[in-house]
Each structure stands twice: as structure tokens, then as C-alpha cells.
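Colleague: So I've got this file, work-v2.cif, and it contains mmCIF, C-alpha atoms:
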data_data
loop_
_atom_site.group_PDB
_atom_site.id
_atom_site.type_symbol
_atom_site.label_atom_id
_atom_site.label_comp_id
_atom_site.auth_asym_id
_atom_site.auth_seq_id
_atom_site.Cartn_x
_atom_site.Cartn_y
_atom_site.Cartn_z
ATOM 1 C CA MET A 3 -44.011 49.253 -24.633
ATOM 2 C CA GLN A 4 -40.232 49.255 -25.034
ATOM 3 C CA GLN A 5 -38.354 47.598 -22.196
ATOM 4 C CA ILE A 6 -35.871 49.845 -20.398
ATOM 5 C CA VAL A 7 -32.456 48.168 -20.175
ATOM 6 C CA ASN A 8 -30.160 49.451 -17.446
ATOM 7 C CA SER A 9 -26.472 49.723 -18.261
ATOM 8 C CA LEU A 10 -24.347 47.299 -16.246
ATOM 9 C CA GLN A 11 -21.079 49.128 -16.842
ATOM 10 C CA PRO A 12 -21.044 50.737 -13.355
ATOM 11 C CA VAL A 13 -21.849 47.361 -11.776
ATOM 12 C CA LYS A 14 -19.086 45.706 -13.793
ATOM 13 C CA GLU A 15 -16.485 48.209 -12.621
ATOM 14 C CA SER A 16 -17.604 47.994 -8.995
ATOM 15 C CA LEU A 17 -17.606 44.195 -9.178
ATOM 16 C CA VAL A 18 -13.982 44.003 -10.308
ATOM 17 C CA ASN A 19 -12.848 46.383 -7.558
ATOM 18 C CA ALA A 20 -14.833 44.630 -4.810
ATOM 19 C CA TRP A 21 -13.769 41.151 -6.005
ATOM 20 C CA GLU A 22 -10.058 42.006 -5.838
ATOM 21 C CA ALA A 23 -10.436 43.770 -2.483
ATOM 22 C CA ALA A 24 -12.236 40.804 -0.888
ATOM 23 C CA TRP A 25 -10.396 37.821 -2.356
ATOM 24 C CA ASP A 26 -6.875 39.265 -2.704
ATOM 25 C CA ARG A 27 -6.717 41.535 0.338
ATOM 26 C CA GLY A 28 -9.368 40.130 2.665
ATOM 27 C CA GLN A 29 -11.398 43.370 2.658
ATOM 28 C CA VAL A 30 -14.694 41.500 2.590
ATOM 29 C CA ASP A 31 -16.873 44.479 3.525
ATOM 30 C CA ALA A 32 -16.178 45.823 0.025
ATOM 31 C CA LEU A 33 -18.778 43.322 -1.162
ATOM 32 C CA ASP A 34 -21.503 45.360 0.539
ATOM 33 C CA GLU A 35 -21.148 47.928 -2.236
ATOM 34 C CA ILE A 36 -22.223 45.512 -4.980
ATOM 35 C CA PHE A 37 -24.416 42.847 -3.345
ATOM 36 C CA HIS A 38 -28.143 43.242 -2.736
ATOM 37 C CA ALA A 39 -29.406 42.829 0.837
ATOM 38 C CA ASP A 40 -31.250 39.671 -0.276
ATOM 39 C CA PHE A 41 -28.203 38.214 -2.045
ATOM 40 C CA ARG A 42 -27.962 34.417 -2.256
ATOM 41 C CA ARG A 43 -25.043 32.339 -3.555
ATOM 42 C CA ILE A 44 -25.802 28.872 -4.952
ATOM 43 C CA SER A 45 -23.164 26.176 -5.511
ATOM 44 C CA LYS A 46 -23.856 23.964 -8.523
ATOM 45 C CA LYS A 47 -21.881 21.097 -6.982
ATOM 46 C CA SER A 48 -22.845 21.008 -3.313
ATOM 47 C CA LYS A 49 -26.214 22.797 -3.808
ATOM 48 C CA ASN A 50 -25.425 24.890 -0.742
ATOM 49 C CA VAL A 51 -27.096 28.302 -0.543
ATOM 50 C CA THR A 52 -25.176 30.995 1.334
ATOM 51 C CA THR A 53 -25.808 34.601 2.344
ATOM 52 C CA ILE A 54 -23.443 37.538 2.009
ATOM 53 C CA ARG A 55 -22.380 37.070 5.636
ATOM 54 C CA GLU A 56 -21.545 33.404 5.034
ATOM 55 C CA LEU A 57 -19.692 34.263 1.828
ATOM 56 C CA LYS A 58 -17.540 36.756 3.709
ATOM 57 C CA GLN A 59 -16.657 34.104 6.281
ATOM 58 C CA GLU A 60 -15.787 31.625 3.519
ATOM 59 C CA ILE A 61 -13.475 34.143 1.872
ATOM 60 C CA LEU A 62 -11.722 34.829 5.183
ATOM 61 C CA SER A 63 -11.279 31.120 5.942
ATOM 62 C CA VAL A 64 -9.850 30.491 2.460
ATOM 63 C CA ARG A 65 -7.492 33.432 2.800
ATOM 64 C CA GLU A 66 -6.356 32.182 6.214
ATOM 65 C CA ALA A 67 -5.512 28.811 4.633
ATOM 66 C CA PHE A 68 -3.940 30.472 1.564
ATOM 67 C CA PRO A 69 -2.503 33.782 2.867
ATOM 68 C CA ASP A 70 -0.724 34.554 -0.434
ATOM 69 C CA LEU A 71 -3.888 33.990 -2.486
ATOM 70 C CA VAL A 72 -4.003 35.953 -5.746
ATOM 71 C CA THR A 73 -6.909 35.890 -8.193
ATOM 72 C CA LYS A 74 -7.046 36.879 -11.844
ATOM 73 C CA ILE A 75 -10.229 37.574 -13.775
ATOM 74 C CA ASP A 76 -9.801 35.964 -17.187
ATOM 75 C CA HIS A 77 -13.091 37.005 -18.813
ATOM 76 C CA LEU A 78 -16.067 39.074 -17.766
ATOM 77 C CA LEU A 79 -19.163 38.906 -19.973
ATOM 78 C CA VAL A 80 -22.081 41.303 -19.583
ATOM 79 C CA ASP A 81 -25.605 40.605 -20.847
ATOM 80 C CA GLU A 82 -27.555 43.822 -20.350
ATOM 81 C CA GLN A 83 -30.716 42.350 -21.855
ATOM 82 C CA GLU A 84 -30.769 39.571 -19.231
ATOM 83 C CA GLN A 85 -29.208 41.817 -16.564
ATOM 84 C CA SER A 86 -26.500 39.278 -15.813
ATOM 85 C CA ILE A 87 -22.729 39.137 -15.568
ATOM 86 C CA ALA A 88 -20.569 36.035 -16.075
ATOM 87 C CA ILE A 89 -17.094 36.052 -14.596
ATOM 88 C CA PHE A 90 -14.355 33.504 -15.383
ATOM 89 C CA TRP A 91 -11.337 33.458 -13.104
ATOM 90 C CA HIS A 92 -8.368 31.518 -11.798
ATOM 91 C CA THR A 93 -6.455 31.791 -8.557
ATOM 92 C CA THR A 94 -3.143 30.615 -7.097
ATOM 93 C CA GLY A 95 -2.056 30.258 -3.502
ATOM 94 C CA THR A 96 0.035 28.216 -1.085
ATOM 95 C CA PHE A 97 -1.800 25.839 1.263
ATOM 96 C CA THR A 98 -0.150 27.204 4.407
ATOM 97 C CA ASN A 99 -2.748 26.714 7.169
ATOM 98 C CA ASP A 100 -5.452 24.108 7.819
ATOM 99 C CA LEU A 101 -8.797 24.351 6.024
ATOM 100 C CA GLN A 102 -11.978 22.667 7.328
ATOM 101 C CA GLY A 103 -9.980 20.129 9.310
ATOM 102 C CA VAL A 104 -7.662 19.354 6.394
ATOM 103 C CA PRO A 105 -4.006 19.750 7.443
ATOM 104 C CA ALA A 106 -1.968 22.150 5.324
ATOM 105 C CA THR A 107 0.410 20.571 2.809
ATOM 106 C CA GLY A 108 2.520 23.583 1.871
ATOM 107 C CA ASN A 109 1.780 22.978 -1.809
ATOM 108 C CA THR A 110 0.998 25.743 -4.288
ATOM 109 C CA VAL A 111 -2.417 25.244 -5.844
ATOM 110 C CA GLU A 112 -4.086 26.737 -8.920
ATOM 111 C CA THR A 113 -7.839 26.523 -9.220
ATOM 112 C CA ARG A 114 -10.388 27.815 -11.738
ATOM 113 C CA GLY A 115 -14.068 28.631 -11.678
ATOM 114 C CA SER A 116 -16.904 30.687 -13.098
ATOM 115 C CA ASN A 117 -19.762 32.670 -11.560
ATOM 116 C CA LEU A 118 -23.056 33.759 -13.128
ATOM 117 C CA MET A 119 -24.523 36.795 -11.391
ATOM 118 C CA GLU A 120 -27.999 38.286 -11.736
ATOM 119 C CA VAL A 121 -28.426 42.014 -11.220
ATOM 120 C CA GLN A 122 -31.457 43.762 -9.728
ATOM 121 C CA ASP A 123 -31.696 47.518 -9.138
ATOM 122 C CA GLY A 124 -27.975 47.921 -9.783
ATOM 123 C CA LYS A 125 -27.001 45.273 -7.198
ATOM 124 C CA ILE A 126 -26.108 41.591 -7.536
ATOM 125 C CA ILE A 127 -29.095 39.660 -6.191
ATOM 126 C CA SER A 128 -27.950 36.084 -6.855
ATOM 127 C CA GLU A 129 -24.879 34.160 -7.917
ATOM 128 C CA GLN A 130 -24.510 30.647 -9.308
ATOM 129 C CA VAL A 131 -21.002 29.279 -8.857
ATOM 130 C CA THR A 132 -19.172 26.259 -10.247
ATOM 131 C CA TRP A 133 -16.695 26.492 -7.376
ATOM 132 C CA ASP A 134 -16.880 26.401 -3.595
ATOM 133 C CA GLN A 135 -14.708 25.083 -0.779
ATOM 134 C CA SER A 136 -15.439 21.491 -1.794
ATOM 135 C CA GLU A 137 -13.879 22.269 -5.186
ATOM 136 C CA LEU A 138 -10.893 23.886 -3.496
ATOM 137 C CA LEU A 139 -10.284 20.795 -1.358
ATOM 138 C CA GLU A 140 -10.440 18.695 -4.516
ATOM 139 C CA ASP A 141 -7.849 20.965 -6.125
ATOM 140 C CA VAL A 142 -5.487 20.412 -3.184
ATOM 141 C CA GLY A 143 -5.906 16.653 -3.639
ATOM 142 C CA VAL A 144 -8.671 15.983 -1.126
ATOM 143 C CA PRO A 145 -11.963 15.179 -2.861
ATOM 144 C CA SER A 146 -14.982 15.261 -0.581
ATOM 145 C CA LEU A 147 -17.855 12.864 -0.258
ATOM 146 C CA LYS A 148 -21.210 14.625 -0.506
ATOM 147 C CA SER A 149 -21.807 14.113 3.214
ATOM 148 C CA ALA A 150 -18.851 16.361 4.026
ATOM 149 C CA PHE A 151 -20.886 19.448 3.182
ATOM 150 C CA GLU A 152 -24.326 18.450 4.407
ATOM 151 C CA SER A 153 -25.658 20.996 6.870
ATOM 152 C CA THR A 154 -26.691 20.085 10.389
ATOM 153 C CA ASP A 155 -30.304 20.728 11.353
ATOM 154 C CA ASP A 156 -30.243 23.180 14.250
ATOM 155 C CA GLY A 157 -33.915 24.116 14.212
ATOM 156 C CA VAL A 158 -36.729 23.406 16.645
ATOM 157 C CA VAL A 159 -36.691 19.855 17.996
ATOM 158 C CA VAL A 160 -39.926 17.991 17.333
ATOM 159 C CA ASP A 161 -41.045 14.391 17.607
ATOM 160 C CA ASP A 162 -39.263 12.358 14.947
ATOM 161 C CA LEU A 163 -41.836 10.332 13.050
ATOM 162 C CA SER A 164 -39.589 9.683 10.061
ATOM 163 C CA GLY A 165 -38.711 6.137 11.101
ATOM 164 C CA VAL A 166 -34.997 6.949 10.795
ATOM 165 C CA PRO A 167 -33.043 5.225 13.638
ATOM 166 C CA ASN A 168 -31.796 7.556 16.354
ATOM 167 C CA LEU A 169 -28.200 7.642 17.593
ATOM 168 C CA ASP A 170 -28.725 5.023 20.308
ATOM 169 C CA ALA A 171 -30.341 2.648 17.823
ATOM 170 C CA LEU A 172 -27.440 3.108 15.417
ATOM 171 C CA LYS A 173 -24.940 2.432 18.186
ATOM 172 C CA GLY A 174 -26.874 -0.721 19.026
ATOM 173 C CA PHE A 175 -26.632 -1.829 15.421
ATOM 174 C CA ASN A 176 -22.866 -1.203 15.291
ATOM 175 C CA ARG A 177 -22.324 -3.107 18.551
ATOM 176 C CA GLN A 178 -23.692 -6.235 16.877
ATOM 177 C CA PHE A 179 -21.042 -6.127 14.161
ATOM 178 C CA ILE A 180 -17.927 -8.219 14.880
ATOM 179 C CA THR A 181 -14.611 -6.787 13.684
ATOM 180 C CA GLY A 182 -10.901 -7.225 14.052
ATOM 181 C CA VAL A 183 -8.760 -4.614 15.801
ATOM 182 C CA THR A 184 -5.992 -2.663 14.100
ATOM 183 C CA VAL A 185 -3.485 0.001 15.019
ATOM 184 C CA VAL A 186 -2.807 2.466 12.203
ATOM 185 C CA THR A 187 0.681 3.976 12.320
ATOM 186 C CA THR A 188 2.841 6.576 10.612
ATOM 187 C CA MET A 189 5.877 8.775 11.237
ATOM 188 C CA ASP A 190 5.367 12.491 11.817
ATOM 189 C CA GLU A 191 7.424 15.291 10.265
ATOM 190 C CA HIS A 192 9.909 15.080 13.171
ATOM 191 C CA GLY A 193 10.518 11.349 12.727
ATOM 192 C CA LYS A 194 8.403 10.420 15.757
ATOM 193 C CA PRO A 195 6.154 7.331 15.518
ATOM 194 C CA ARG A 196 2.421 7.975 15.764
ATOM 195 C CA GLY A 197 -0.572 5.648 15.905
ATOM 196 C CA LEU A 198 -4.201 5.099 16.813
ATOM 197 C CA ALA A 199 -6.483 2.119 17.392
ATOM 198 C CA ALA A 200 -9.114 1.560 14.690
ATOM 199 C CA ASN A 201 -11.610 -1.122 13.713
ATOM 200 C CA SER A 202 -12.703 0.679 10.536
ATOM 201 C CA TYR A 203 -10.309 -1.281 8.316
ATOM 202 C CA VAL A 204 -11.411 -2.929 5.062
ATOM 203 C CA SER A 205 -9.639 -4.827 2.317
ATOM 204 C CA VAL A 206 -10.887 -3.094 -0.846
ATOM 205 C CA SER A 207 -9.349 -5.441 -3.422
ATOM 206 C CA LEU A 208 -6.542 -7.951 -3.914
ATOM 207 C CA GLU A 209 -5.740 -6.893 -7.477
ATOM 208 C CA PRO A 210 -4.671 -4.166 -7.147
ATOM 209 C CA PRO A 211 -3.942 -4.657 -3.414
ATOM 210 C CA LEU A 212 -5.962 -1.793 -1.911
ATOM 211 C CA VAL A 213 -7.029 -1.245 1.693
ATOM 212 C CA LEU A 214 -9.179 1.357 3.425
ATOM 213 C CA VAL A 215 -9.122 2.929 6.869
ATOM 214 C CA CYS A 216 -11.370 5.684 8.228
ATOM 215 C CA VAL A 217 -9.885 8.139 10.749
ATOM 216 C CA GLN A 218 -11.569 10.809 12.867
ATOM 217 C CA LYS A 219 -10.133 14.295 12.291
ATOM 218 C CA THR A 220 -9.872 15.083 16.011
ATOM 219 C CA THR A 221 -7.398 12.284 16.784
ATOM 220 C CA SER A 222 -3.845 13.330 17.676
ATOM 221 C CA THR A 223 -2.424 11.172 14.871
ATOM 222 C CA TYR A 224 -4.663 12.581 12.145
ATOM 223 C CA ALA A 225 -2.512 15.511 10.959
ATOM 224 C CA SER A 226 0.635 13.379 10.734
ATOM 225 C CA LEU A 227 -1.239 10.623 8.929
ATOM 226 C CA PHE A 228 -2.796 13.046 6.461
ATOM 227 C CA LYS A 229 0.578 14.530 5.520
ATOM 228 C CA SER A 230 2.268 11.126 5.141
ATOM 229 C CA THR A 231 2.784 9.304 1.867
ATOM 230 C CA HIS A 232 2.544 5.857 3.541
ATOM 231 C CA LEU A 233 0.876 4.279 6.553
ATOM 232 C CA GLY A 234 1.159 1.062 8.544
ATOM 233 C CA ILE A 235 -1.718 -1.184 9.597
ATOM 234 C CA ASN A 236 -1.165 -3.707 12.382
ATOM 235 C CA ILE A 237 -3.761 -6.402 13.127
ATOM 236 C CA MET A 238 -3.710 -6.935 16.868
ATOM 237 C CA SER A 239 -3.114 -10.426 18.235
ATOM 238 C CA ASN A 240 -4.600 -12.009 21.371
ATOM 239 C CA GLY A 241 -1.559 -10.962 23.382
ATOM 240 C CA GLN A 242 -1.875 -7.261 22.638
ATOM 241 C CA ARG A 243 -4.854 -6.240 24.748
ATOM 242 C CA ASP A 244 -2.745 -3.688 26.652
ATOM 243 C CA THR A 245 -1.357 -2.375 23.370
ATOM 244 C CA VAL A 246 -4.877 -1.630 22.163
ATOM 245 C CA GLY A 247 -5.547 0.314 25.357
ATOM 246 C CA THR A 248 -2.392 2.343 24.828
ATOM 247 C CA PHE A 249 -3.372 3.378 21.303
ATOM 248 C CA ALA A 250 -6.960 4.092 22.308
ATOM 249 C CA SER A 251 -5.652 6.567 24.902
ATOM 250 C CA LYS A 252 -4.463 10.144 24.481
ATOM 251 C CA GLY A 253 -0.920 9.472 25.646
ATOM 252 C CA ASP A 254 1.802 11.593 24.037
ATOM 253 C CA ASP A 255 4.316 8.781 23.401
ATOM 254 C CA LYS A 256 2.377 5.596 22.774
ATOM 255 C CA PHE A 257 5.456 3.752 21.529
ATOM 256 C CA ALA A 258 7.571 4.323 24.654
ATOM 257 C CA GLU A 259 6.941 0.869 26.172
ATOM 258 C CA LEU A 260 6.471 -1.061 22.908
ATOM 259 C CA GLU A 261 8.706 -3.194 20.767
ATOM 260 C CA TRP A 262 8.424 -2.124 17.145
ATOM 261 C CA HIS A 263 10.419 -1.868 13.953
ATOM 262 C CA GLN A 264 10.294 0.165 10.784
ATOM 263 C CA GLY A 265 9.056 -1.334 7.547
ATOM 264 C CA PRO A 266 10.834 -0.774 4.221
ATOM 265 C CA ASN A 267 8.934 2.487 3.749
ATOM 266 C CA GLY A 268 9.701 3.786 7.230
ATOM 267 C CA ASN A 269 6.395 3.160 8.986
ATOM 268 C CA PRO A 270 6.238 1.731 12.536
ATOM 269 C CA LEU A 271 5.222 -1.948 12.550
ATOM 270 C CA ILE A 272 4.390 -3.303 15.993
ATOM 271 C CA ASP A 273 6.109 -6.492 17.158
ATOM 272 C CA GLY A 274 3.747 -9.223 18.312
ATOM 273 C CA SER A 275 0.985 -8.306 15.857
ATOM 274 C CA ALA A 276 -0.894 -11.061 14.067
ATOM 275 C CA ALA A 277 -0.057 -9.312 10.789
ATOM 276 C CA SER A 278 1.235 -5.943 9.578
ATOM 277 C CA ILE A 279 1.317 -4.122 6.276
ATOM 278 C CA GLU A 280 2.729 -0.929 4.860
ATOM 279 C CA ALA A 281 0.714 0.858 2.195
ATOM 280 C CA GLU A 282 1.107 3.933 0.006
ATOM 281 C CA ILE A 283 -1.715 6.445 0.464
ATOM 282 C CA LYS A 284 -3.496 6.942 -2.864
ATOM 283 C CA GLU A 285 -6.707 8.785 -1.952
ATOM 284 C CA ARG A 286 -8.007 10.915 0.891
ATOM 285 C CA PHE A 287 -11.762 11.506 0.912
ATOM 286 C CA GLN A 288 -13.376 14.001 3.296
ATOM 287 C CA ALA A 289 -16.504 12.647 5.008
ATOM 288 C CA LYS A 290 -17.680 15.340 7.459
ATOM 289 C CA THR A 291 -15.903 14.448 10.747
ATOM 290 C CA HIS A 292 -13.683 11.726 9.247
ATOM 291 C CA THR A 293 -11.276 11.125 6.390
ATOM 292 C CA VAL A 294 -11.320 7.921 4.372
ATOM 293 C CA PHE A 295 -7.818 6.806 3.365
ATOM 294 C CA ILE A 296 -7.371 4.363 0.487
ATOM 295 C CA ALA A 297 -3.877 2.932 0.179
ATOM 296 C CA LYS A 298 -1.975 0.427 -1.969
ATOM 297 C CA VAL A 299 -0.151 -2.330 -0.069
ATOM 298 C CA LYS A 300 3.617 -2.305 -0.573
ATOM 299 C CA HIS A 301 4.844 -4.671 2.170
ATOM 300 C CA SER A 302 3.291 -7.305 4.421
ATOM 301 C CA GLU A 303 4.298 -9.438 7.415
ATOM 302 C CA VAL A 304 2.222 -12.320 8.814
ATOM 303 C CA ALA A 305 2.903 -14.085 12.138
ATOM 304 C CA GLN A 306 1.599 -17.412 13.427
ATOM 305 C CA LEU A 307 -0.536 -15.651 16.022
ATOM 306 C CA GLU A 308 -4.297 -15.533 16.462
ATOM 307 C CA PRO A 309 -5.979 -12.147 15.894
ATOM 308 C CA MET A 310 -8.049 -10.300 18.450
ATOM 309 C CA VAL A 311 -11.813 -9.910 17.883
ATOM 310 C CA TYR A 312 -13.998 -6.973 18.941
ATOM 311 C CA LYS A 313 -17.767 -6.927 19.558
ATOM 312 C CA ALA A 314 -20.087 -4.730 21.600
ATOM 313 C CA GLY A 315 -17.306 -2.960 23.491
ATOM 314 C CA ARG A 316 -15.475 -6.181 24.455
ATOM 315 C CA PHE A 317 -12.402 -7.976 23.141
ATOM 316 C CA TYR A 318 -12.248 -11.712 22.436
ATOM 317 C CA ASP A 319 -9.711 -14.387 21.649
ATOM 318 C CA GLY A 320 -9.850 -14.856 17.877
ATOM 319 C CA ALA A 321 -9.281 -18.603 18.117
ATOM 320 C CA GLU A 322 -11.371 -19.648 21.121
ATOM 321 C CA LEU A 323 -13.823 -16.704 21.045
ATOM 322 C CA THR A 324 -13.426 -16.249 24.793
ATOM 323 C CA ALA A 325 -13.291 -12.846 26.462
ATOM 324 C CA LEU A 326 -9.879 -11.208 26.931
#
Reformat the file's structure so that it appears as C-alpha cells.

Modeller:
Amino acid sequence: MQQIVNSLQPVKESLVNAWEAAWDRGQVDALDEIFHADFRRISKKSKNVTTIRELKQEILSVREAFPDLVTKIDHLLVDEQEQSIAIFWHTTGTFTNDLQGVPATGNTVETRGSNLMEVQDGKIISEQVTWDQSELLEDVGVPSLKSAFESTDDGVVVDDLSGVPNLDALKGFNRQFITGVTVVTTMDEHGKPRGLAANSYVSVSLEPPLVLVCVQKTTSTYASLFKSTHLGINIMSNGQRDTVGTFASKGDDKFAELEWHQGPNGNPLIDGSAASIEAEIKERFQAKTHTVFIAKVKHSEVAQLEPMVYKAGRFYDGAELTAL
């Protein structure tokens, strides 16, 4: 029996119209005309599967971040035998507003992608994409670790027999790890010094001289730090217990009562620190609620002062290992 092949020309025309309406003008309900009720979108990179409702929300969030977004369809290939349509496109836009906790940079970005769509009963039933928001963040210079796009389980709570440590057990583990204490600093766009206390500092390598700090996105310093080209890292000394408290707080002007100076690259370096460096930010990796900054050291200062030590919620003298 000869197989009946449905023409995809009407679908092709509707697809182009709906695509431009949704992505270029934010008229996301236009997608209802071409997508099947059981539509699923699959990302080849993140493996995320989204519904039409979730796709609409993604389009709106991208358009909010890039309000001047314009897309161009470069090629559109139809395979009527397989009942599929492949679309190749590129888009340009200005990163004007924040996206997924990433502060806007004001840069114009061009990104490219391709989508393979399967058609059923004249509607698009599924779509495999090479591009999603993780790709967009990479295009704006912010690659994401895989964990940044892992979904949170919000289902029915049952007894956990997996053997995976719970949150309290993980906190107990972290409390047993002894670290130093740093204050990470930068200057905001208005020339005001900003900073936060952090113990997630690591020396990555000496050659080249790379360091790493991990910063939570909800901190008041995060946006300024993300937009900066350089940062400062100050290792707290035994005499700076009050300074640590200041930078662990939510005070608006944490530098008001401090003595500090600017390094050669303009970052605040705190007087009385055991050591301070300035470093040029080279990479920003998204990791769900945090961003990992990797920076190349450009300037260093070391004082003859003992560093502070932190363990299990308490601070200790780095030389005598007595409580502060």
C-alpha cells in the first residue's frame, strides 16, 4: 500500500509567521497555532525537556533580557517523507536586563542555533534544539556548569533510602573543614567600594597565577563584582575579627569605618590584612545559586601578620590556634 505523504508547505508558512511573532515581538500565543497539545522541546546540551507553556516563558524571559532581540531564519529544510522540518537561524540583541541571575552587561550579542521539528497531524509534536538559555549565557560570556540547569525535585516527599547525605550531614562535613577567611572586593559602576566575606577561595595555579572565588548570586556585592574586570582578595589577619563581621553583614557602606587603599587596578585593598591581591577576572561560570570566578593575579601585597582561621562557625588565631 502506498504511503500517503502530507504536504508540509502550510506548516512551513505558519511556522515562519509564528516564530517571528513569538521571538521578535513577544507574541508567544502565536505558537499555539503550530504546536501540538503534546508538544515537547528537548535540548541536546542540557537534556532538559520543556512544554509549550515553559517555552513561552523562556521566550518572554529572553526578550525581557534582550528587548531589541531580532531573529533571522537562514535556512529552512523540509523533509515531507520523514514529516520533519529543520530550521537554522541566528539572532542579535543587546543584553539590557538581567537573565537567570546574571547581571546585564549592555553588550550586543549574536548567537546561532538549529532546531529539528517533527510534525504530526499538521502540528509540530516535538523539537530537538542545539540551543537553549545555557547556550545564550555562554554567548554572553558566562558558560554554565551542568549543575546550573539541573531541576529541583518538587514531588512527593518519601523516605530517602539512597544513602545520599542530607543537608544537615553535609553542613556537618563542611564544619570540619578548616579554611582561611577572605574579603572579596571591587568597585561598582559609581566608584563606590563593595565587598563581601568569603571562605571559598582557592589558589588554582602559580603558573599562570590563577585564583578562584565562589560568590552567591543573592549577595549585595554580586552584581558589581560580575560587571567588574578586576577584583581584590584580602586574607584577614588576627586583628580583623570586627572587619569580618562588617563584611558578613548587610550594611550599605561597609567601608565607612575602615582604612583601605586602592591597588594599581583600582580595587579596594583593606589595610591590616595578612595579604591582599588584585586579579583580572578571566572566567565566570554559573553554578545554580552561585558564580565561580577565576581570575589572574596582577598585584600582591603581603604583611608580617598572622592570618585568621575559620572552623565550625568559629574564628581562631592562625599562629596560636586559639579562639578569637

Colleague: Run the PyMOL selection byres ((chain A and resi 214) around 9) on the file and write out the hits as a PyMOL selection string.

Modeller: chain A and resi 202-206+212-213+215-216+294-297

Colleague: List the neighbours of Ile180 in chain A out to 10 Å using all atoms listed in the file; skip same-chain residues closer than 5 positions along the sequence, and give me the result as a PDB file with C-alpha atoms, in the coordinates of the input.

Modeller:
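So the final result, stored in selection08.pdb, reads:
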ATOM      1  CA  ASN A 201     -11.610  -1.122  13.713  1.00  0.00           C
ATOM      2  CA  VAL A 311     -11.813  -9.910  17.883  1.00  0.00           C
ATOM      3  CA  TYR A 312     -13.998  -6.973  18.941  1.00  0.00           C
ATOM      4  CA  LYS A 313     -17.767  -6.927  19.558  1.00  0.00           C
ATOM      5  CA  ALA A 314     -20.087  -4.730  21.600  1.00  0.00           C
ATOM      6  CA  PHE A 317     -12.402  -7.976  23.141  1.00  0.00           C
TER       7      PHE A 317
END

Colleague: Closest to Lys49 in chain A among A:Val80, A:Ala32, A:Val131, A:Val104, using all atoms listed in the file?

Modeller: A:Val131

Colleague: I would like the residues chosen by the PyMOL selection byres ((chain A and resi 34) around 12) on the shown file; could you give them as a list in words?

Modeller: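 In the shown coordinates, the PyMOL selection byres ((chain A and resi 34) around 12) covers Ser16, Leu17, Asn19, Ala20, Trp21, Ala23, Ala24, Gln29, Val30, Asp31, Ala32, Leu33, Glu35, Ile36, Phe37, His38, Ala39, Asp40, Phe41, Thr53, Ile54, Arg55, Leu57, Lys58, Lys125, Ile126 and Ile127 of chain A.
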
Colleague: Select, from A:Glu285, A:Glu303, A:Asp254, A:Asp100, the residue with the minimum atom-to-atom distance to Glu140 in chain A, counting all atoms listed in the file.

Modeller: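 Ranking A:Glu285, A:Glu303, A:Asp254, A:Asp100 by distance to Glu140 in chain A, first place goes to A:Glu285.
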
Colleague: With only C-alpha atoms as the atoms that count, which of A:Leu62, A:Met119, A:Val72, A:Ile279 lies nearest to Ser86 in chain A?

Modeller: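 Looking only at the distances to Ser86 in chain A, the closest residue turns out to be A:Met119.
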
Colleague: With distances taken over all atoms listed in the file, which residue among A:Phe257, A:Phe175, A:Trp133, A:Phe228 lies nearest Pro270 in chain A?

Modeller: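 Of A:Phe257, A:Phe175, A:Trp133, A:Phe228, the one nearest Pro270 in chain A, counting all atoms listed in the file, is A:Phe257.
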
Colleague: Any idea what's packed within 8 Å of Val185 in chain A, counting only C-alpha atoms, ignoring anything in its chain fewer than 5 positions away? Could you give it as a list in words?

Modeller: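 Residues meeting the cut-off are Gly197, Leu198, Ala199, Ala200, Ile235, Asn236, Ile237, Met238, Val246 and Phe249 of chain A.
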
Colleague: When the PyMOL selection byres ((chain A and resi 291) around 7) is applied to the file above, which residues end up in the set, as number ranges by chain?

Modeller: A: 218-219, 289-290, 292

Colleague: What does the distance from CA of Gln122 in chain A to CA of Glu22 in chain A come to in Å, to one decimal?

Modeller: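 Between these atoms lies a distance of 21.8 Å.
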
Colleague: One decimal, Å: what's the distance from CA of Leu169 in chain A over to CA of Gln102 in chain A, could you say?

Modeller: 24.4 Å

Colleague: Could you list, as a ChimeraX atom specification, every residue within 8 Å of Phe90 in chain A, counting only C-alpha atoms and ignoring same-chain residues fewer than 3 positions away?

Modeller: /A:75-78,114-117

Colleague: For C-alpha atoms, I'd like the residues from the last selection saved as a JSON list (two decimals), keeping the file's coordinate frame.

Modeller:
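Everything below was put into result_8.json:
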[["chain", "number", "residue", "atom", "x", "y", "z"],
["A", 75, "ILE", "CA", -10.23, 37.57, -13.78],
["A", 76, "ASP", "CA", -9.80, 35.96, -17.19],
["A", 77, "HIS", "CA", -13.09, 37.01, -18.81],
["A", 78, "LEU", "CA", -16.07, 39.07, -17.77],
["A", 114, "ARG", "CA", -10.39, 27.82, -11.74],
["A", 115, "GLY", "CA", -14.07, 28.63, -11.68],
["A", 116, "SER", "CA", -16.90, 30.69, -13.10],
["A", 117, "ASN", "CA", -19.76, 32.67, -11.56]]

Colleague: Enter the distance from CA of Thr231 in chain A to CA of Ile283 in chain A, in Å, rounded to one decimal.

Modeller: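 Between these atoms lies a distance of 5.5 Å.
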
Colleague: Could you give me the axis-aligned bounding box of range 259-268 of chain A, with 4 Å of padding per side, as centre plus edge lengths in Å to one decimal, as lines of an AutoDock Vina configuration file?

Modeller:
center_x = 8.7
center_y = 0.3
center_z = 15.0
size_x = 12.4
size_y = 15.0
size_z = 30.4

Colleague: List every protein, DNA or RNA residue with an atom no more than 9 Å from (2.7, 9.2, 10.9) in the file's coordinates, counting all atoms listed in the file, and format the result as a ChimeraX atom specification.

Modeller: /A:186-191,193-197,223-230,232-234,269-270
